[in-house]
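Asks: Hey, dropping model-v8.cif in here, mmCIF, C-alpha atoms:
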```
data_data
loop_
_atom_site.label_atom_id
_atom_site.label_comp_id
_atom_site.auth_asym_id
_atom_site.auth_seq_id
_atom_site.Cartn_x
_atom_site.Cartn_y
_atom_site.Cartn_z
CA MET A 1040 -121.89 58.90 -8.80
CA SER A 1041 -118.82 58.69 -6.59
CA ASP A 1042 -116.84 56.20 -8.63
CA HIS A 1043 -117.89 57.60 -12.01
CA ILE A 1044 -114.90 57.92 -14.34
CA VAL A 1045 -115.40 60.55 -17.04
CA PRO A 1046 -114.12 59.32 -20.43
CA ARG A 1047 -111.13 61.21 -21.78
CA ARG A 1048 -112.88 62.24 -25.01
CA VAL A 1049 -115.34 64.28 -22.90
CA TYR A 1050 -112.42 66.27 -21.51
CA PHE A 1051 -110.97 66.86 -24.99
CA THR A 1052 -114.37 67.95 -26.36
CA ILE A 1053 -114.87 70.44 -23.51
CA TYR A 1054 -111.30 71.68 -24.02
CA GLY A 1055 -112.05 72.36 -27.71
CA ILE A 1056 -115.23 74.27 -26.84
CA LEU A 1057 -113.36 76.34 -24.21
CA LEU A 1058 -110.68 77.35 -26.75
CA LEU A 1059 -113.40 78.18 -29.30
CA GLY A 1060 -115.13 80.35 -26.68
CA THR A 1061 -111.86 82.18 -25.97
CA TYR A 1062 -111.38 82.82 -29.71
CA LEU A 1063 -114.97 84.10 -30.07
CA THR A 1064 -114.81 86.40 -27.05
CA VAL A 1065 -111.61 88.03 -28.40
CA GLN A 1066 -113.13 88.42 -31.90
CA PHE A 1067 -116.38 89.93 -30.58
CA ALA A 1068 -114.39 92.50 -28.58
CA PHE A 1069 -113.12 94.17 -31.76
CA PHE A 1070 -116.61 94.97 -33.07
CA ASP A 1071 -118.61 97.87 -31.70
CA LEU A 1072 -121.85 96.24 -30.57
CA GLY A 1073 -122.71 98.86 -27.96
CA ALA A 1074 -124.05 97.35 -24.74
CA LEU A 1075 -124.04 93.97 -26.49
CA ASN A 1076 -120.24 93.83 -26.17
CA THR A 1077 -120.43 93.31 -22.42
CA ILE A 1078 -123.42 91.00 -22.70
CA ALA A 1079 -121.66 88.83 -25.31
CA ALA A 1080 -118.43 88.69 -23.24
CA LEU A 1081 -120.27 87.73 -20.06
CA THR A 1082 -122.49 85.18 -21.83
CA ILE A 1083 -119.46 83.41 -23.30
CA ALA A 1084 -117.71 83.53 -19.89
CA VAL A 1085 -120.76 82.05 -18.13
CA VAL A 1086 -121.02 79.24 -20.74
CA LYS A 1087 -117.29 78.47 -20.36
CA ALA A 1088 -117.50 78.49 -16.55
CA THR A 1089 -120.57 76.23 -16.62
CA LEU A 1090 -118.79 73.70 -18.83
CA VAL A 1091 -115.77 73.68 -16.50
CA VAL A 1092 -118.02 73.18 -13.46
CA LEU A 1093 -120.15 70.45 -15.03
CA PHE A 1094 -117.44 68.38 -16.72
CA PHE A 1095 -113.95 69.24 -15.47
CA MET A 1096 -115.23 69.54 -11.90
CA HIS A 1097 -117.55 66.51 -12.32
CA VAL A 1098 -120.61 68.27 -10.93
CA ARG A 1099 -122.73 66.63 -13.62
CA TYR A 1100 -121.95 63.36 -11.83
CA SER A 1101 -121.96 64.67 -8.25
CA THR A 1102 -124.44 64.28 -5.38
CA ARG A 1103 -127.57 66.42 -5.08
CA LEU A 1104 -126.08 67.99 -1.96
CA THR A 1105 -123.14 69.28 -4.05
CA TRP A 1106 -125.60 70.74 -6.56
CA LEU A 1107 -127.43 72.46 -3.70
CA VAL A 1108 -124.22 74.03 -2.34
CA ILE A 1109 -123.29 75.35 -5.81
CA ALA A 1110 -126.80 76.71 -6.38
CA GLY A 1111 -126.42 78.42 -2.99
CA SER A 1112 -123.16 80.06 -4.06
CA VAL A 1113 -124.74 81.36 -7.28
CA LEU A 1114 -127.72 82.67 -5.30
CA TRP A 1115 -125.56 84.53 -2.76
CA LEU A 1116 -123.35 85.97 -5.48
CA ALA A 1117 -126.51 87.17 -7.27
CA ILE A 1118 -127.71 88.82 -4.03
CA LEU A 1119 -124.31 90.49 -3.58
CA LEU A 1120 -124.27 91.90 -7.11
CA ALA A 1121 -128.00 92.74 -7.31
CA MET A 1122 -128.10 94.60 -3.99
CA THR A 1123 -124.91 96.53 -4.75
CA MET A 1124 -125.94 97.52 -8.26
CA GLY A 1125 -129.52 98.12 -7.15
CA ASP A 1126 -128.14 100.79 -4.85
CA TYR A 1127 -125.61 102.43 -7.18
CA LEU A 1128 -127.74 102.31 -10.33
CA THR A 1129 -130.65 104.09 -8.65
CA ARG A 1130 -128.73 106.80 -6.79
CA ALA A 1131 -129.19 109.25 -9.64
CA TRP A 1132 -132.97 108.92 -9.20
CA ARG A 1133 -132.92 110.64 -5.83
CA THR A 1134 -134.87 113.84 -5.59
CA TYR A 1135 -135.06 115.85 -2.42
CA GLY A 1136 -137.58 118.47 -1.49
CA MET B 1437 -102.67 50.94 22.63
CA LEU B 1438 -106.43 51.03 23.20
CA PRO B 1439 -108.50 48.34 21.52
CA ASP B 1440 -110.50 49.38 18.43
CA THR B 1441 -114.14 49.54 19.53
CA SER B 1442 -115.44 51.39 16.43
CA ILE B 1443 -118.04 49.93 14.09
CA HIS B 1444 -115.19 48.82 11.85
CA ALA B 1445 -113.50 46.78 14.57
CA ASP B 1446 -114.39 43.43 13.04
CA ARG B 1447 -114.11 44.44 9.38
CA PRO B 1448 -111.19 44.57 6.96
CA HIS B 1449 -110.03 48.15 6.98
CA HIS B 1450 -108.98 50.20 3.93
CA PRO B 1451 -105.74 51.95 4.88
CA ALA B 1452 -106.98 55.29 3.49
CA LEU B 1453 -110.37 55.12 5.22
CA ALA B 1454 -110.71 57.28 8.33
CA HIS B 1455 -112.47 55.40 11.12
CA HIS B 1456 -115.39 57.83 11.37
CA PHE B 1457 -116.57 57.10 7.82
CA GLU B 1458 -118.76 54.16 6.90
CA SER B 1459 -117.16 53.66 3.49
CA ILE B 1460 -114.52 55.08 1.17
CA GLU B 1461 -117.35 56.47 -1.03
CA ALA B 1462 -118.92 58.32 1.91
CA GLN B 1463 -115.49 59.69 2.78
CA LYS B 1464 -115.02 60.94 -0.77
CA ASP B 1465 -118.46 62.55 -0.91
CA ALA B 1466 -117.77 64.35 2.38
CA ALA B 1467 -114.39 65.60 1.13
CA THR B 1468 -115.92 66.81 -2.16
CA LEU B 1469 -118.69 68.63 -0.31
CA GLY B 1470 -116.19 70.22 2.04
CA MET B 1471 -114.13 71.52 -0.88
CA TRP B 1472 -117.22 72.94 -2.54
CA VAL B 1473 -118.22 74.76 0.65
CA PHE B 1474 -114.74 76.30 0.67
CA LEU B 1475 -115.10 77.25 -3.00
CA VAL B 1476 -118.40 79.00 -2.19
CA THR B 1477 -116.50 81.28 0.19
CA GLU B 1478 -114.00 81.88 -2.61
CA VAL B 1479 -116.79 82.78 -5.04
CA LEU B 1480 -118.03 85.44 -2.61
CA PHE B 1481 -114.46 86.59 -1.87
CA PHE B 1482 -113.82 87.30 -5.57
CA GLY B 1483 -117.47 88.38 -5.91
CA GLY B 1484 -116.77 91.42 -3.73
CA LEU B 1485 -114.02 92.49 -6.14
CA PHE B 1486 -116.24 91.92 -9.16
CA ALA B 1487 -118.95 94.06 -7.50
CA THR B 1488 -116.38 96.84 -6.90
CA TYR B 1489 -115.28 96.58 -10.53
CA SER B 1490 -118.91 96.82 -11.72
CA VAL B 1491 -119.61 99.97 -9.70
CA TYR B 1492 -116.48 101.81 -10.86
CA ARG B 1493 -116.86 100.72 -14.47
CA MET B 1494 -120.43 102.01 -14.40
CA TRP B 1495 -119.21 105.36 -13.03
CA TYR B 1496 -116.19 105.78 -15.33
CA PRO B 1497 -116.87 103.75 -18.51
CA ALA B 1498 -114.65 105.90 -20.76
CA ALA B 1499 -111.62 105.79 -18.45
CA PHE B 1500 -112.03 102.02 -18.04
CA ALA B 1501 -112.21 101.48 -21.81
CA VAL B 1502 -109.12 103.59 -22.46
CA ALA B 1503 -107.15 102.04 -19.60
CA SER B 1504 -108.19 98.49 -20.60
CA HIS B 1505 -106.83 99.19 -24.07
CA GLU B 1506 -103.36 99.58 -22.53
CA LEU B 1507 -103.28 95.91 -21.47
CA ASN B 1508 -101.53 93.44 -23.78
CA ILE B 1509 -104.35 91.50 -25.44
CA ALA B 1510 -101.98 89.01 -27.12
CA LEU B 1511 -100.36 87.98 -23.82
CA GLY B 1512 -103.78 87.91 -22.12
CA THR B 1513 -105.20 85.61 -24.80
CA ILE B 1514 -102.17 83.31 -24.73
CA ASN B 1515 -102.43 83.12 -20.93
CA THR B 1516 -106.13 82.23 -21.17
CA ALA B 1517 -105.25 79.36 -23.53
CA VAL B 1518 -102.39 78.26 -21.25
CA LEU B 1519 -104.69 78.15 -18.22
CA ILE B 1520 -107.44 76.26 -20.07
CA THR B 1521 -104.83 73.76 -21.25
CA SER B 1522 -103.65 73.34 -17.63
CA SER B 1523 -107.25 72.56 -16.69
CA LEU B 1524 -107.27 69.85 -19.37
CA THR B 1525 -104.05 68.29 -18.06
CA MET B 1526 -105.50 68.49 -14.52
CA ALA B 1527 -108.64 66.68 -15.67
CA LEU B 1528 -106.46 64.05 -17.36
CA ALA B 1529 -104.46 63.69 -14.13
CA VAL B 1530 -107.72 62.97 -12.27
CA HIS B 1531 -108.61 60.41 -14.95
CA ALA B 1532 -105.20 58.73 -14.57
CA SER B 1533 -105.58 58.63 -10.77
CA GLN B 1534 -108.98 56.96 -11.08
CA THR B 1535 -107.68 54.31 -13.44
CA GLY B 1536 -104.57 53.78 -11.31
CA GLU B 1537 -102.03 54.82 -13.97
CA ARG B 1538 -99.46 56.31 -11.64
CA ARG B 1539 -96.88 57.26 -14.28
CA GLN B 1540 -99.48 59.15 -16.32
CA LEU B 1541 -100.85 60.76 -13.17
CA MET B 1542 -97.44 62.14 -12.27
CA LEU B 1543 -96.74 63.30 -15.83
CA PHE B 1544 -100.06 65.15 -16.05
CA LEU B 1545 -99.51 66.75 -12.63
CA ILE B 1546 -96.08 67.95 -13.79
CA ALA B 1547 -97.62 69.23 -17.05
CA THR B 1548 -100.23 71.13 -15.03
CA MET B 1549 -97.51 72.67 -12.87
CA ILE B 1550 -95.41 73.67 -15.89
CA LEU B 1551 -98.42 75.35 -17.54
CA GLY B 1552 -99.21 77.10 -14.24
CA GLY B 1553 -95.59 78.30 -14.14
CA VAL B 1554 -95.82 79.55 -17.75
CA PHE B 1555 -98.97 81.49 -16.83
CA LEU B 1556 -97.24 83.16 -13.88
CA GLY B 1557 -94.18 83.92 -16.03
CA ILE B 1558 -96.27 85.65 -18.70
CA LYS B 1559 -98.12 87.50 -15.94
CA GLY B 1560 -94.73 88.66 -14.62
CA VAL B 1561 -93.80 89.99 -18.08
CA GLU B 1562 -97.09 91.89 -18.19
CA TYR B 1563 -96.52 93.38 -14.73
CA TYR B 1564 -93.01 94.38 -15.76
CA GLN B 1565 -94.39 96.17 -18.85
CA LYS B 1566 -96.86 98.04 -16.64
CA PHE B 1567 -94.03 99.26 -14.41
CA VAL B 1568 -91.98 100.36 -17.43
CA GLU B 1569 -94.98 102.22 -18.88
CA HIS B 1570 -95.73 103.95 -15.54
CA HIS B 1571 -99.16 102.34 -15.43
CA VAL B 1572 -98.86 101.32 -11.80
CA PRO B 1573 -101.10 103.51 -9.59
CA GLY B 1574 -99.12 105.79 -7.32
CA PRO B 1575 -96.75 108.79 -7.49
CA ASP B 1576 -95.09 107.58 -10.74
CA PHE B 1577 -98.36 107.04 -12.60
CA LYS B 1578 -98.51 108.64 -16.05
CA PHE B 1579 -101.63 108.75 -18.23
CA GLU B 1580 -103.70 111.07 -20.43
CA ALA B 1581 -104.70 114.00 -18.22
CA GLU B 1582 -108.41 113.51 -18.90
CA TYR B 1583 -108.41 109.99 -17.44
CA PHE B 1584 -105.51 110.34 -15.01
CA LEU B 1585 -107.47 109.72 -11.79
CA HIS B 1586 -110.00 107.18 -13.01
CA ALA B 1587 -107.50 105.11 -15.01
CA GLN B 1588 -105.67 104.60 -11.69
CA ILE B 1589 -108.84 103.04 -10.31
CA PHE B 1590 -108.88 100.63 -13.26
CA PHE B 1591 -105.22 99.70 -12.79
CA SER B 1592 -105.70 99.32 -9.02
CA LEU B 1593 -108.48 96.83 -9.71
CA TYR B 1594 -106.34 95.17 -12.41
CA PHE B 1595 -103.44 94.58 -10.01
CA MET B 1596 -105.71 93.63 -7.10
CA MET B 1597 -107.76 91.09 -9.08
CA THR B 1598 -104.97 89.56 -11.16
CA GLY B 1599 -102.64 89.64 -8.13
CA LEU B 1600 -105.12 87.77 -5.97
CA HIS B 1601 -105.65 85.34 -8.84
CA ALA B 1602 -101.87 84.86 -9.18
CA LEU B 1603 -101.64 84.21 -5.42
CA HIS B 1604 -104.23 81.45 -5.88
CA MET B 1605 -102.12 80.02 -8.71
CA ILE B 1606 -99.03 79.98 -6.46
CA ILE B 1607 -100.99 78.19 -3.72
CA GLY B 1608 -102.26 75.82 -6.44
CA LEU B 1609 -98.67 75.02 -7.44
CA GLY B 1610 -97.97 74.20 -3.77
CA ILE B 1611 -100.97 71.85 -3.68
CA MET B 1612 -99.80 70.21 -6.93
CA THR B 1613 -96.33 69.66 -5.44
CA TRP B 1614 -97.99 67.97 -2.47
CA MET B 1615 -100.13 65.80 -4.76
CA LEU B 1616 -97.06 64.88 -6.83
CA TRP B 1617 -95.35 63.76 -3.63
CA TRP B 1618 -98.37 61.67 -2.63
CA SER B 1619 -98.54 60.13 -6.11
CA TRP B 1620 -94.85 59.27 -5.98
CA ASN B 1621 -94.87 57.72 -2.50
CA GLY B 1622 -97.93 55.60 -3.23
CA THR B 1623 -100.48 57.37 -0.99
CA ILE B 1624 -102.67 57.89 -4.06
CA THR B 1625 -104.17 54.64 -5.30
CA ARG B 1626 -107.06 53.75 -7.55
CA ASP B 1627 -109.25 53.43 -4.42
CA TYR B 1628 -107.92 56.61 -2.89
CA ALA B 1629 -107.84 59.11 -5.76
CA ALA B 1630 -109.99 61.66 -3.90
CA PRO B 1631 -107.10 64.01 -2.97
CA ILE B 1632 -106.27 64.47 -6.68
CA GLU B 1633 -109.92 65.21 -7.46
CA ILE B 1634 -110.19 67.72 -4.60
CA ALA B 1635 -106.96 69.44 -5.70
CA GLY B 1636 -108.41 69.47 -9.23
CA LEU B 1637 -111.54 71.26 -7.99
CA TYR B 1638 -109.34 74.05 -6.63
CA TRP B 1639 -107.31 74.28 -9.84
CA HIS B 1640 -110.40 74.46 -12.05
CA PHE B 1641 -111.93 77.11 -9.79
CA VAL B 1642 -108.88 79.32 -10.29
CA ASP B 1643 -109.30 78.78 -14.05
CA ILE B 1644 -112.94 79.91 -13.81
CA VAL B 1645 -111.92 83.15 -12.05
CA TRP B 1646 -109.60 83.89 -14.97
CA ILE B 1647 -112.36 83.09 -17.49
CA PHE B 1648 -114.20 86.11 -16.05
CA LEU B 1649 -111.17 88.34 -15.41
CA PHE B 1650 -109.89 88.09 -18.98
CA PRO B 1651 -112.84 89.68 -20.86
CA LEU B 1652 -113.63 92.16 -18.06
CA LEU B 1653 -110.07 93.50 -17.81
CA TYR B 1654 -108.54 93.03 -21.26
CA LEU B 1655 -111.37 93.28 -23.75
CA ILE B 1656 -113.58 96.22 -22.79
CA GLY B 1657 -111.74 98.93 -24.75
CA ARG B 1658 -110.94 97.24 -28.04
CA HIS B 1659 -113.65 98.71 -30.25
CA VAL B 1660 -113.61 102.14 -28.58
CA HIS B 1661 -109.97 103.05 -29.00
CA VAL B 1662 -107.76 102.40 -31.98
#
```
Starting from the file, lay out its structure as structure tokens.
Replies:
Amino acid sequence: MSDHIVPRRVYFTIYGILLLGTYLTVQFAFFDLGALNTIAALTIAVVKATLVVLFFMHVRYSTRLTWLVIAGSVLWLAILLAMTMGDYLTRAWRTYG
Amino acid sequence: MLPDTSIHADRPHHPALAHHFESIEAQKDAATLGMWVFLVTEVLFFGGLFATYSVYRMWYPAAFAVASHELNIALGTINTAVLITSSLTMALAVHASQTGERRQLMLFLIATMILGGVFLGIKGVEYYQKFVEHHVPGPDFKFEAEYFLHAQIFFSLYFMMTGLHALHMIIGLGIMTWMLWWSWNGTITRDYAAPIEIAGLYWHFVDIVWIFLFPLLYLIGRHVHV
């Protein structure tokens, strides 16, 4: 918990995975995968961000209250994006009269 | 001076422990939680920009792909690696603070600051190139006629998002200077390493923002345009 010291090799392992993710995301970008391009880029970014949060930011070893606050931030960000896109994506559907 | 009537009055007192906390652990948990609450506001702050980006990219996908292709992918990739490396040195600084290795702590903080400086320097070179190429939105903007208006929206978002990110980096360098001072003057000890950890949370958060900015700004046009 509070006084947990993360071993250094964990940091180096995560660092290696983050660099690998950066390499992959650049490589994927040069292939035409259609809509999958964006999905692949965002998936890799989410995986990288999750690793940073869990290990570099020690959330894996943090209190449940910290977990709750982070889950709250993800939830509110999801509401922000879902509501906004829910509006703009469906505007073309409007029919009057 | 008034007599100490707090619950700690008759106990040995850790110099870094504020009187309203029961223990140094409780103090650290409260500080960590406070930083995370701040970071939540930051997530939503940047979230608004990401939502704006999503709407405009959905409306003008071709202009965004063509404009994105104008960014320097090599410098963007190098900067991503530089920032990830600075997160590693930050994590190692936290490790050194927890084990009480002051020399290593200071060296890793300095390494983090140097890498942060390299990132900002490369960013400056990129901005300079954009000015030279007339890719800064405004009266001097030059671009293919077909995408002239909508490419300006992309570049506006590019400068807004990377500029705000760079501002966070500059503030981060200020925080690191402060932490370096506290490490040097002995405020940071093995029992009181929390400030380094909290500063690390901020630094890693700024790294995470870049992890999303990089593919969304630099990589969307690669396969479309030669």
Asks: Taking the file as shown, find all residues satisfying the PyMOL selection byres ((chain A and resi 1125-1128) around 12) and write them as a PyMOL selection string.
Replies: (chain A and resi 1117-1124+1129-1133) or (chain B and resi 1487-1488+1490-1495)
Asks: Name the residues captured by the PyMOL selection byres ((chain B and resi 1522) around 8) when it is applied to the shown file; answer as a VMD selection string.
Replies: chain B and resid 1518 to 1521 1523 to 1526 1547 to 1549 1551 to 1552
Asks: Convert the output of the PyMOL selection byres ((chain B) within 6 of (chain A)) on the shown file into explicit residues, formatted as an MDAnalysis selection string.
Replies: chainID B and resid 1469 1476 1487 1527 1637 1644 1647:1648 1655 1658:1659
Asks: What does the distance from atom CA of Leu1480 of chain B to atom CA of Leu1603 of chain B come to in Å, to one decimal?
Replies: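 Computing it gives 16.7 Å between the two atoms.
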Asks: With a distance cut-off of 8 Å and all atoms listed in the file, select the neighbouring residues of segment 1575-1589 of chain B, excluding the residue or stretch itself and same-chain residues fewer than 5 positions from it, and output the selection as a count of residues only.
Replies: 8
Asks: Name all residues at most 9 Å from segment 1535-1546 of chain B (count all atoms listed in the file; drop same-chain ones fewer than 6 positions away) and give them as a PDB file with C-alpha atoms, in the coordinates of the input.
Replies:
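What ended up in selection_38.pdb:
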```pdb
ATOM      1  CA  ILE A1044    -114.900  57.920 -14.340  1.00  0.00           C
TER       2      ILE A1044
ATOM      3  CA  THR B1525    -104.050  68.290 -18.060  1.00  0.00           C
ATOM      4  CA  MET B1526    -105.500  68.490 -14.520  1.00  0.00           C
ATOM      5  CA  ALA B1527    -108.640  66.680 -15.670  1.00  0.00           C
ATOM      6  CA  LEU B1528    -106.460  64.050 -17.360  1.00  0.00           C
ATOM      7  CA  ALA B1529    -104.460  63.690 -14.130  1.00  0.00           C
ATOM      8  CA  MET B1612     -99.800  70.210  -6.930  1.00  0.00           C
ATOM      9  CA  THR B1613     -96.330  69.660  -5.440  1.00  0.00           C
ATOM     10  CA  MET B1615    -100.130  65.800  -4.760  1.00  0.00           C
ATOM     11  CA  LEU B1616     -97.060  64.880  -6.830  1.00  0.00           C
ATOM     12  CA  SER B1619     -98.540  60.130  -6.110  1.00  0.00           C
ATOM     13  CA  TRP B1620     -94.850  59.270  -5.980  1.00  0.00           C
ATOM     14  CA  GLY B1622     -97.930  55.600  -3.230  1.00  0.00           C
ATOM     15  CA  ILE B1624    -102.670  57.890  -4.060  1.00  0.00           C
ATOM     16  CA  THR B1625    -104.170  54.640  -5.300  1.00  0.00           C
ATOM     17  CA  ARG B1626    -107.060  53.750  -7.550  1.00  0.00           C
ATOM     18  CA  ASP B1627    -109.250  53.430  -4.420  1.00  0.00           C
ATOM     19  CA  ALA B1629    -107.840  59.110  -5.760  1.00  0.00           C
TER      20      ALA B1629
END
```
Asks: Taking all atoms listed in the file into account, which of B:Ser1504, B:Leu1556, B:Ala1510, B:His1531 comes nearest His1571 of chain B?
Replies: B:Ser1504
Asks: Quote the spacing between atom CA of Tyr1489 of chain B and atom CA of Leu1593 of chain B in Å to one decimal place.
Replies: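 Taking atom CA of Tyr1489 of chain B and atom CA of Leu1593 of chain B, their separation equals 6.9 Å.
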Asks: Within 7 Å of (-118.2, 98.3, -22.4) (coordinates as in the file), grab all the protein and nucleic acid residues, counting all atoms listed in the file, and write them out as a list in words.
Replies: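 Here is the list of nearby residues: Ala1074, Asn1076 and Thr1077 of chain A; Pro1497, Ala1501, Ile1656 and Gly1657 of chain B.
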Asks: Could you save those same residues with C-alpha atoms as a JSON list (two decimals), in the frame of the given file?
Replies:
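Result file follows (out25.json):
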```
[["chain", "number", "residue", "atom", "x", "y", "z"],
["A", 1074, "ALA", "CA", -124.05, 97.35, -24.74],
["A", 1076, "ASN", "CA", -120.24, 93.83, -26.17],
["A", 1077, "THR", "CA", -120.43, 93.31, -22.42],
["B", 1497, "PRO", "CA", -116.87, 103.75, -18.51],
["B", 1501, "ALA", "CA", -112.21, 101.48, -21.81],
["B", 1656, "ILE", "CA", -113.58, 96.22, -22.79],
["B", 1657, "GLY", "CA", -111.74, 98.93, -24.75]]
```
Asks: With all atoms listed in the file as the basis for distance, which of B:Glu1478, B:Gly1483, B:Val1530, B:Thr1516 is at the shortest distance from His1604 of chain B?
Replies: B:Glu1478
Asks: One decimal, in Å: what's the spacing between atom CA of Leu1059 of chain A and atom CA of Ile1509 of chain B?
Replies: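 Calculated distance between atom CA of Leu1059 of chain A and atom CA of Ile1509 of chain B is 16.6 Å.
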Asks: May I have the protein, DNA and RNA residues with any atom at most 7 Å from the point (-99.3, 85.8, -10.6), counting all atoms listed in the file, written as a list in words?
Replies: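 It turns out the residues near that spot are Leu1556, Lys1559, Gly1560, Thr1598, Gly1599, His1601, Ala1602, Leu1603 and Met1605 of chain B.
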Asks: Identify which of the residues B:Ala1452, B:Leu1652, B:Ile1460, B:Ile1607 lies closest to Phe1590 of chain B, counting only C-alpha atoms when measuring atom-to-atom distances.
Replies: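 So, comparing all the options, the nearest one is B:Leu1652.
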Asks: Assuming the input is short of atoms at segment 1055-1070 of chain A, produce N, CA and C atoms for that part as a PDB file, in the coordinates of the input.
Replies:
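Generated file (result.pdb):
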```
ATOM      1  N   GLY A1055    -111.859  71.729 -26.394  1.00  0.00           N
ATOM      2  CA  GLY A1055    -112.050  72.360 -27.710  1.00  0.00           C
ATOM      3  C   GLY A1055    -113.070  73.489 -27.644  1.00  0.00           C
ATOM      4  N   ILE A1056    -114.188  73.240 -26.941  1.00  0.00           N
ATOM      5  CA  ILE A1056    -115.230  74.270 -26.840  1.00  0.00           C
ATOM      6  C   ILE A1056    -114.701  75.488 -26.069  1.00  0.00           C
ATOM      7  N   LEU A1057    -113.908  75.234 -25.014  1.00  0.00           N
ATOM      8  CA  LEU A1057    -113.360  76.340 -24.210  1.00  0.00           C
ATOM      9  C   LEU A1057    -112.418  77.214 -25.051  1.00  0.00           C
ATOM     10  N   LEU A1058    -111.590  76.574 -25.891  1.00  0.00           N
ATOM     11  CA  LEU A1058    -110.680  77.350 -26.750  1.00  0.00           C
ATOM     12  C   LEU A1058    -111.482  78.133 -27.788  1.00  0.00           C
ATOM     13  N   LEU A1059    -112.529  77.499 -28.343  1.00  0.00           N
ATOM     14  CA  LEU A1059    -113.400  78.180 -29.300  1.00  0.00           C
ATOM     15  C   LEU A1059    -114.042  79.409 -28.647  1.00  0.00           C
ATOM     16  N   GLY A1060    -114.513  79.237 -27.412  1.00  0.00           N
ATOM     17  CA  GLY A1060    -115.130  80.350 -26.680  1.00  0.00           C
ATOM     18  C   GLY A1060    -114.148  81.494 -26.471  1.00  0.00           C
ATOM     19  N   THR A1061    -112.887  81.146 -26.162  1.00  0.00           N
ATOM     20  CA  THR A1061    -111.860  82.180 -25.970  1.00  0.00           C
ATOM     21  C   THR A1061    -111.644  82.935 -27.279  1.00  0.00           C
ATOM     22  N   TYR A1062    -111.565  82.195 -28.396  1.00  0.00           N
ATOM     23  CA  TYR A1062    -111.380  82.820 -29.710  1.00  0.00           C
ATOM     24  C   TYR A1062    -112.552  83.771 -30.003  1.00  0.00           C
ATOM     25  N   LEU A1063    -113.790  83.289 -29.771  1.00  0.00           N
ATOM     26  CA  LEU A1063    -114.970  84.100 -30.070  1.00  0.00           C
ATOM     27  C   LEU A1063    -115.015  85.366 -29.230  1.00  0.00           C
ATOM     28  N   THR A1064    -114.704  85.242 -27.942  1.00  0.00           N
ATOM     29  CA  THR A1064    -114.810  86.400 -27.050  1.00  0.00           C
ATOM     30  C   THR A1064    -113.797  87.468 -27.458  1.00  0.00           C
ATOM     31  N   VAL A1065    -112.602  87.055 -27.935  1.00  0.00           N
ATOM     32  CA  VAL A1065    -111.610  88.030 -28.400  1.00  0.00           C
ATOM     33  C   VAL A1065    -112.102  88.678 -29.699  1.00  0.00           C
ATOM     34  N   GLN A1066    -112.648  87.872 -30.627  1.00  0.00           N
ATOM     35  CA  GLN A1066    -113.130  88.420 -31.900  1.00  0.00           C
ATOM     36  C   GLN A1066    -114.267  89.419 -31.695  1.00  0.00           C
ATOM     37  N   PHE A1067    -115.223  89.059 -30.843  1.00  0.00           N
ATOM     38  CA  PHE A1067    -116.380  89.930 -30.580  1.00  0.00           C
ATOM     39  C   PHE A1067    -115.923  91.289 -30.049  1.00  0.00           C
ATOM     40  N   ALA A1068    -114.826  91.279 -29.265  1.00  0.00           N
ATOM     41  CA  ALA A1068    -114.390  92.500 -28.580  1.00  0.00           C
ATOM     42  C   ALA A1068    -113.966  93.579 -29.570  1.00  0.00           C
ATOM     43  N   PHE A1069    -113.601  93.182 -30.797  1.00  0.00           N
ATOM     44  CA  PHE A1069    -113.120  94.170 -31.760  1.00  0.00           C
ATOM     45  C   PHE A1069    -114.247  94.823 -32.553  1.00  0.00           C
ATOM     46  N   PHE A1070    -115.476  94.347 -32.386  1.00  0.00           N
ATOM     47  CA  PHE A1070    -116.610  94.970 -33.070  1.00  0.00           C
ATOM     48  C   PHE A1070    -117.375  95.841 -32.089  1.00  0.00           C
TER      49      PHE A1070
END
```
